[in-house]
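Everything on this sheet refers to the single structure shown next.
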Amino acid sequence: MGRRGGSSAAIHDLARPQEAQAAVAPRIGLALGGGFARGIAHAGLLTAFERHGIPLHCITGVSAGAIVAAAYASGTRADDIARVGCSMRFRDVARWSLCRMGFMRSERMKRFLEGMLKTSRFEEMRLPLGVVATDLCTGEPVSFRDTGDVFLPIRASCSYPGLFQPVHVGERMLVDGAMSIEIPALLARELGATHVVSVWLQPPPCRRPPADVFQVIRRCFQIMQGRSESGWRHESDLIITPDLKSIEWNGFEAGPELVNAGEEAALAALPAIQSWFSGPALAATTVCGSVA
């Protein structure tokens, strides 16, 4: 894979054909994946997009990506999202509450979101917003968009199985959106995007066997997601993978490093994105963080 201008990110083609996109003014949809604390990297990417004038038509997210997507869609600036992300801790969004369905409850997340988002309803968002959770009974993705309350769908999308208790929305019992769709690229296209940029927070390598039940669940999650990547990749025109090295899922103390990684990956992707506005659409591209 070739290098560009000394950047720490590598770029290569996925050779996905772009059907009739050259004649359409680009409408960029940003699809953000999960990763718990590692989701702070999304704020760095948005900061770079803001600074370089990359226009977004819509934004979607699952799990931690849903929090960042909703905050940005509501009108919160990327640097403010980064500031909040770097100062937050696990206790800001969860509390221990042992029961048969999980170890933690997520009601605290509502208060956290109230302080971060400028509106609490889909129809009042500055950008079209999509959030995905997973129906625990059917296993199917459940998309939230257009109208209604935002807080409950985000809580549902962040309800990591085994750790957080499922969230009831109507008659459905919902859990983490990444269980069914790791990155909601298709939802961004359904919201009108002609070009979808997917942000994948690749998990750290498994260097030793899991040591507790949470690590077992997380590793099973990663294996499952690895088997279903082809779906969201097919719907993506550009895939950005910040180099998060070995920062763990609960590495809130590494907030500034995560923000920087997201920003660096976005800067490496700018030439590919800017080309959409200056000529015929190109084959899909991946921007990957370098491996240490």
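We name chains A, B, ... following the order of the structure tokens; residues begin at 1 in each chain, and ligands are numbered from 1 as shown.
Around region 174-181 of chain A, within 7 Å and counting only C-alpha atoms, the residues found are Gly34, Val62, Ser63, Val132, Ala133, Thr134, Asp135, Leu136, Gly139, Glu140, Pro141, Ala156, Ser157, Cys158, Ser159, Tyr160, Pro161, Pro166, Val167 and His168 of chain A, once anything fewer than 4 positions away on its own chain is removed.
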Dump as a PDB file, in the first residue's frame, selection limited to C-alpha atoms:
```pdb
ATOM      1  CA  GLY A  34     -19.012   1.670  18.097  1.00  0.00           C
ATOM      2  CA  VAL A  62     -24.307   2.738  16.557  1.00  0.00           C
ATOM      3  CA  SER A  63     -23.282   2.475  20.202  1.00  0.00           C
ATOM      4  CA  VAL A 132     -29.449   1.702  15.029  1.00  0.00           C
ATOM      5  CA  ALA A 133     -30.195  -0.732  17.853  1.00  0.00           C
ATOM      6  CA  THR A 134     -30.749  -4.508  17.732  1.00  0.00           C
ATOM      7  CA  ASP A 135     -33.967  -6.370  18.507  1.00  0.00           C
ATOM      8  CA  LEU A 136     -32.887  -9.003  21.025  1.00  0.00           C
ATOM      9  CA  GLY A 139     -31.792 -10.300  15.922  1.00  0.00           C
ATOM     10  CA  GLU A 140     -32.744  -7.683  13.339  1.00  0.00           C
ATOM     11  CA  PRO A 141     -31.477  -4.084  13.267  1.00  0.00           C
ATOM     12  CA  ALA A 156     -30.648   1.119  23.414  1.00  0.00           C
ATOM     13  CA  SER A 157     -27.894   1.336  20.804  1.00  0.00           C
ATOM     14  CA  CYS A 158     -25.294   1.524  23.598  1.00  0.00           C
ATOM     15  CA  SER A 159     -26.661  -1.408  25.633  1.00  0.00           C
ATOM     16  CA  TYR A 160     -23.724  -3.780  25.330  1.00  0.00           C
ATOM     17  CA  PRO A 161     -25.062  -7.299  26.033  1.00  0.00           C
ATOM     18  CA  PRO A 166     -31.495  -4.213  27.587  1.00  0.00           C
ATOM     19  CA  VAL A 167     -33.700  -1.198  26.911  1.00  0.00           C
ATOM     20  CA  HIS A 168     -37.427  -1.532  26.274  1.00  0.00           C
TER      21      HIS A 168
END
```
>> I need the helix (DSSP H, G or I) residues of region 9-204 of chain A per DSSP on the backbone, written as a PyMOL selection string.
In response: chain A and resi 36-51+64-74+78-87+90-92+108-116+122-124+151-157+177-179+185-190
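Distance check against Asp79 (chain A) using only C-alpha atoms: of A:Ala254, A:Ala66, A:Val259, A:Cys58, the minimum falls on A:Val259.
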> Which neighbours of region 120-123 of chain A fall inside 10 Å, counting only C-alpha atoms, when residues of the same chain fewer than 5 positions from it are skipped, and could you give them as a PyMOL selection string?
Replying inline: chain A and resi 70-71+73-74+110+113-114+128-131+144-152
>> Need to verify the contact set: Val68 (chain A), 8 Å, only C-alpha atoms, exclusion of same-chain residues closer than 5 positions in sequence. Can you return it as JSON, numbers by chain?
In response: {"A": [39, 40, 42, 43, 61, 81]}
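Between Leu270 (chain A) and the residues A:Pro242, A:Gly53, A:Gly170, A:Pro205, the shortest atom-to-atom distance, using only C-alpha atoms, involves A:Gly53.
Excluding Leu258 (chain A) itself and same-chain residues fewer than 4 positions from it, the residues having an atom within 8 Å of it are A:Arg38, A:Ile40, A:Ala41, A:Gly44, A:Leu244, A:Ala254, A:Gly262, counting only C-alpha atoms.
Residue nearest Thr60 (chain A), chosen from A:Asp80, A:Glu257, A:Glu171, A:Glu190 and counting only C-alpha atoms: A:Glu190.
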> Any idea what's packed within 9 Å of Arg77 (chain A), counting only C-alpha atoms, ignoring anything in its chain fewer than 6 positions away? Could you give it as a PyMOL selection string?
Replying inline: chain A and resi 46-47+50+71
>> DSSP on the backbone, strand (DSSP E or B) only: what residues of region 230-272 of chain A does that give? Format it as an MDAnalysis selection string.
In response: chainID A and resid 238:241
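Computed from the coordinates, the CA of Arg111 (chain A) to CA of Ile183 (chain A) distance equals 25.6 Å.
Of the residues listed (A:Ala31, A:Thr119, A:Arg83, A:Ile223), A:Ala31 shows the shortest atom-to-atom separation from Val196 (chain A); distances use only C-alpha atoms.
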> Which value, in Å to one decimal, gives the distance between CA of Leu186 (chain A) and CA of Gly231 (chain A)?
Replying inline: 8.6 Å
>> Please list as an MDAnalysis selection string every residue within 9 Å of Pro204 (chain A), counting only C-alpha atoms and excluding residues in the same chain fewer than 3 positions away.
In response: chainID A and resid 207 244:249
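Proximity of A:Cys137, A:Leu238, A:Val142, A:Ala266 to Thr194 (chain A), computed with only C-alpha atoms, is greatest for A:Leu238.
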